[in-house]
Amino acid sequence: MWGYASPTEVYIVLVIIITTITITIAVPVWLLFQSPHDASLLLRGLKTLGVRTERQSDTAHHLALFLNTHPAVRLVHYPGLPSHPQHHVAKRQMNKFGSMLSFVVVGGQNSAITVVNVR
């Protein structure tokens, strides 16, 4: 029962300790050296954070639906699509599915470069 901890357990404990120290000491100290203007910008950003992330998530969802039906796209990686392998987990854990997505185009690397360079 009381033996030596595995390297994984030690690593997890160290990460928790370092994170706690960072949050409780480093962040408040960093905030002390900011100007009043920086503080007002921070507060303004926090007030609109919920609206911005909700709209980002909605936009990503609409974009994923569009790309999923586009003939030049072979695969869309987005947890909000029922075809995603972890969709059931994401649906259970989240109200919305976030703003990150990726996709694979038909035609390989040359087609992907063409998509990226479109202006």
# chains A, B, ... in the order shown; residues from 1 in each chain; ligands from 1

$ residues_around --residues "Val116 (chain A)" --least-positions-apart "6" --cutoff "12 Å" --atoms "only C-alpha atoms" --output "ChimeraX atom specification"
/A:103-105,109-110

$ select_by_dssp --residues "region 77-109 of chain A" --states "strand (DSSP E)" --output "list in words"
His77, Ser102, Phe103, Val104 and Val105 of chain A

$ residues_around --residues "Ala64 (chain A)" --least-positions-apart "3" --cutoff "8 Å" --atoms "only C-alpha atoms" --output "PyMOL selection string"
chain A and resi 60-61+67-68+76+78+81+101

$ closest_residue --among "A:Ser83, A:Ala72, A:Leu41, A:Leu65" --to "Thr114 (chain A)" --atoms "only C-alpha atoms"
A:Ala72

$ decode --residues "region 41-98 of chain A" --atoms "C-alpha atoms" --output "compact mmCIF listing (two decimals), in the first residue's frame"
# COMPACT_ATOMS: atom_id res chain seq x y z
CA LEU A 41 -7.99 46.48 -21.63
CA LEU A 42 -7.82 43.24 -19.66
CA LEU A 43 -11.18 43.91 -18.01
CA ARG A 44 -12.77 44.88 -21.32
CA GLY A 45 -11.47 41.68 -22.90
CA LEU A 46 -12.82 39.56 -20.04
CA LYS A 47 -16.27 41.17 -20.31
CA THR A 48 -16.64 40.13 -23.95
CA LEU A 49 -14.81 36.80 -23.74
CA GLY A 50 -17.98 34.71 -23.46
CA VAL A 51 -19.63 36.32 -26.50
CA ARG A 52 -16.47 36.06 -28.58
CA THR A 53 -15.85 32.38 -27.83
CA GLU A 54 -19.51 31.54 -28.47
CA ARG A 55 -19.40 33.22 -31.88
CA GLN A 56 -16.06 31.60 -32.72
CA SER A 57 -17.56 28.22 -31.90
CA ASP A 58 -20.66 28.91 -34.04
CA THR A 59 -18.50 30.04 -36.95
CA ALA A 60 -16.30 26.94 -36.72
CA HIS A 61 -19.41 24.73 -36.65
CA HIS A 62 -20.87 26.37 -39.78
CA LEU A 63 -17.50 26.18 -41.53
CA ALA A 64 -17.14 22.48 -40.64
CA LEU A 65 -20.62 21.74 -42.01
CA PHE A 66 -19.76 23.59 -45.23
CA LEU A 67 -16.38 21.89 -45.65
CA ASN A 68 -17.89 18.47 -44.89
CA THR A 69 -20.08 18.74 -48.01
CA HIS A 70 -17.50 20.42 -50.27
CA PRO A 71 -16.29 18.18 -53.12
CA ALA A 72 -12.66 19.34 -52.81
CA VAL A 73 -12.46 18.32 -49.13
CA ARG A 74 -11.77 14.69 -48.30
CA LEU A 75 -12.00 14.82 -44.48
CA VAL A 76 -12.95 17.34 -41.77
CA HIS A 77 -11.64 16.97 -38.22
CA TYR A 78 -14.15 18.70 -35.94
CA PRO A 79 -15.73 17.17 -32.82
CA GLY A 80 -19.10 18.79 -33.62
CA LEU A 81 -19.61 16.56 -36.67
CA PRO A 82 -21.32 13.21 -36.08
CA SER A 83 -18.65 11.58 -38.27
CA HIS A 84 -15.89 12.54 -35.80
CA PRO A 85 -14.70 9.49 -33.79
CA GLN A 86 -15.02 11.33 -30.46
CA HIS A 87 -18.29 13.14 -31.21
CA HIS A 88 -20.21 11.27 -28.50
CA VAL A 89 -17.62 12.29 -25.89
CA ALA A 90 -17.58 15.93 -27.01
CA LYS A 91 -21.38 16.04 -27.05
CA ARG A 92 -21.49 14.76 -23.48
CA GLN A 93 -18.78 17.14 -22.20
CA MET A 94 -19.49 20.40 -24.04
CA ASN A 95 -22.35 22.73 -24.89
CA LYS A 96 -20.54 23.83 -28.04
CA PHE A 97 -17.65 22.15 -29.80
CA GLY A 98 -14.99 24.87 -29.84
